[in-house]
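Everything on this sheet refers to the single structure shown next.
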Amino acid sequence: MTGTAPATRVVELPTGWVRDHLHEVLAIYGAAMGYGESVVAGRYGYAVQHTERAGFRAVGAFAEGPREDGTEGERLVGFGYGYLVAPGQWWHDQVRNAMDRRTAKQWLPGAFEVCELHVLPEHQSRGIGRQLLHALVEGVPAPVALLSTPDTDTKAFRLYHADGFVDLARGYHFPGDARPFAILGARLPLPPPPRDP
């Protein structure tokens with residue numbers, strides 16, 4: 001053993017696979033965001049609906065290690081998914097309200113929403129989030145990618161800014177969450193990821 005982390009494989013996930021493994025996917029969401037089981041359970045129905053939206057796309061990161069059943073093997077340690085936004089979708093309409101009219105007109109039409117992008121806490125700070133982000137938006141038939149993230153100095157916030165995302169709105173409060181959020185956007189394709197020193 002050299003003490004190095006095992007290699008992580010990032011692949012596109014078929015929609016059917018995502019639906020079949022939603023409990024596993026959403027467990028990562030809960031762990032990464034620090035949400036309890038009731039919040040995670042409440043996301044299940046929304047996530048199923050998201051898989052039915054136009055342009056839905058998902059990616060997953062798999063690493064060798066112990067699985068929940070105690071066996072050794074490859075397991076999901078991170079995921080991302082998104083779809084094309086459209087008027088009438090809850091997130092689209094919230095974000096339209098968060099932006100000034102000119103910004104909304106420039107960024108919302110035909111945008112791809114990075115809806116979820118999460119990595120298990122014990123696998124963070126290894127470049128997996130960046131790999132997932134780039135794999136998710138690569139080749140997406142949209143002019144821009146949009147996302148919302150807690151408006152605080154987190155690893156995720158710094159990653160998005162380093163990879164070409166700019167602030168479109170700050171300090172926005174989504175209904176049901178007390179934390180302020182930032183709305184970020186990037187022109188596609190993203191610039192190549194920065195090289196590690």
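The chains in the structure tokens are called A, B, ... from first to last as shown; in each chain the residues are counted from 1, and the ligands are counted from 1 in the order shown.
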
| query | DSSP on the backbone: what in range 43-192 of chain A comes out strand (DSSP E or B), as a PyMOL selection string? | reply | chain A and resi 57-66+72-84+112-119+144-150+166-172+181-187

May I have the residues from that selection written out with C-alpha atoms, as a short mmCIF file (atom, residue, chain, number, x, y, z; two decimals), in the first residue's frame?
```
data_model
loop_
_atom_site.label_atom_id
_atom_site.label_comp_id
_atom_site.auth_asym_id
_atom_site.auth_seq_id
_atom_site.Cartn_x
_atom_site.Cartn_y
_atom_site.Cartn_z
CA ARG A 57 -28.35 13.75 -18.05
CA ALA A 58 -26.51 12.12 -15.12
CA VAL A 59 -22.96 11.16 -14.25
CA GLY A 60 -21.53 9.09 -11.42
CA ALA A 61 -18.17 8.60 -9.74
CA PHE A 62 -17.28 5.07 -8.67
CA ALA A 63 -14.39 4.05 -6.40
CA GLU A 64 -13.17 0.73 -5.03
CA GLY A 65 -13.77 0.19 -1.34
CA PRO A 66 -16.15 -1.24 1.25
CA GLU A 72 -15.44 -4.98 -1.15
CA GLY A 73 -15.98 -3.59 -4.63
CA GLU A 74 -16.84 -0.55 -6.66
CA ARG A 75 -19.41 1.81 -5.20
CA LEU A 76 -20.96 5.14 -6.05
CA VAL A 77 -19.16 7.97 -4.20
CA GLY A 78 -20.45 10.98 -6.13
CA PHE A 79 -23.01 11.97 -8.73
CA GLY A 80 -24.36 14.85 -10.70
CA TYR A 81 -27.44 15.38 -12.82
CA GLY A 82 -29.24 18.10 -14.66
CA TYR A 83 -31.67 18.94 -17.44
CA LEU A 84 -32.85 21.79 -19.63
CA PHE A 112 -28.96 23.51 -18.66
CA GLU A 113 -29.47 23.33 -14.88
CA VAL A 114 -26.81 21.52 -12.88
CA CYS A 115 -29.51 20.37 -10.47
CA GLU A 116 -27.44 18.16 -8.17
CA LEU A 117 -23.69 17.62 -7.85
CA HIS A 118 -22.50 15.88 -4.69
CA VAL A 119 -19.57 13.83 -3.42
CA VAL A 144 -25.07 28.00 -20.71
CA ALA A 145 -25.14 26.01 -17.48
CA LEU A 146 -26.79 27.38 -14.34
CA LEU A 147 -26.76 26.22 -10.72
CA SER A 148 -27.52 27.35 -7.21
CA THR A 149 -25.24 26.76 -4.26
CA PRO A 150 -25.19 27.97 -0.64
CA VAL A 166 -19.93 33.80 -12.54
CA ASP A 167 -22.35 35.33 -10.04
CA LEU A 168 -25.81 36.06 -11.43
CA ALA A 169 -27.57 36.65 -8.10
CA ARG A 170 -26.41 36.46 -4.49
CA GLY A 171 -28.18 36.13 -1.15
CA TYR A 172 -31.33 34.54 -2.58
CA PHE A 181 -28.02 30.88 -2.03
CA ALA A 182 -26.00 32.18 -4.96
CA ILE A 183 -27.16 31.66 -8.53
CA LEU A 184 -24.19 31.02 -10.81
CA GLY A 185 -23.88 30.64 -14.56
CA ALA A 186 -21.23 29.63 -17.08
CA ARG A 187 -21.05 29.77 -20.85
#
```

| query | Pick the closest to Asp163 in chain A from A:Pro14, A:Pro193, A:Pro121, A:Gly88: which is it, counting only C-alpha atoms? | reply |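 Nearest to Asp163 in chain A: A:Pro193.
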
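Our summary of the geometry notes that CA of Asp69 in chain A is positioned 26.5 Å from CA of Gly127 in chain A.
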
| query | By how many Å are CA of Trp17 in chain A and CA of Ala47 in chain A apart? | reply |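 Going from CA of Trp17 in chain A over to CA of Ala47 in chain A, I get 12.9 Å.
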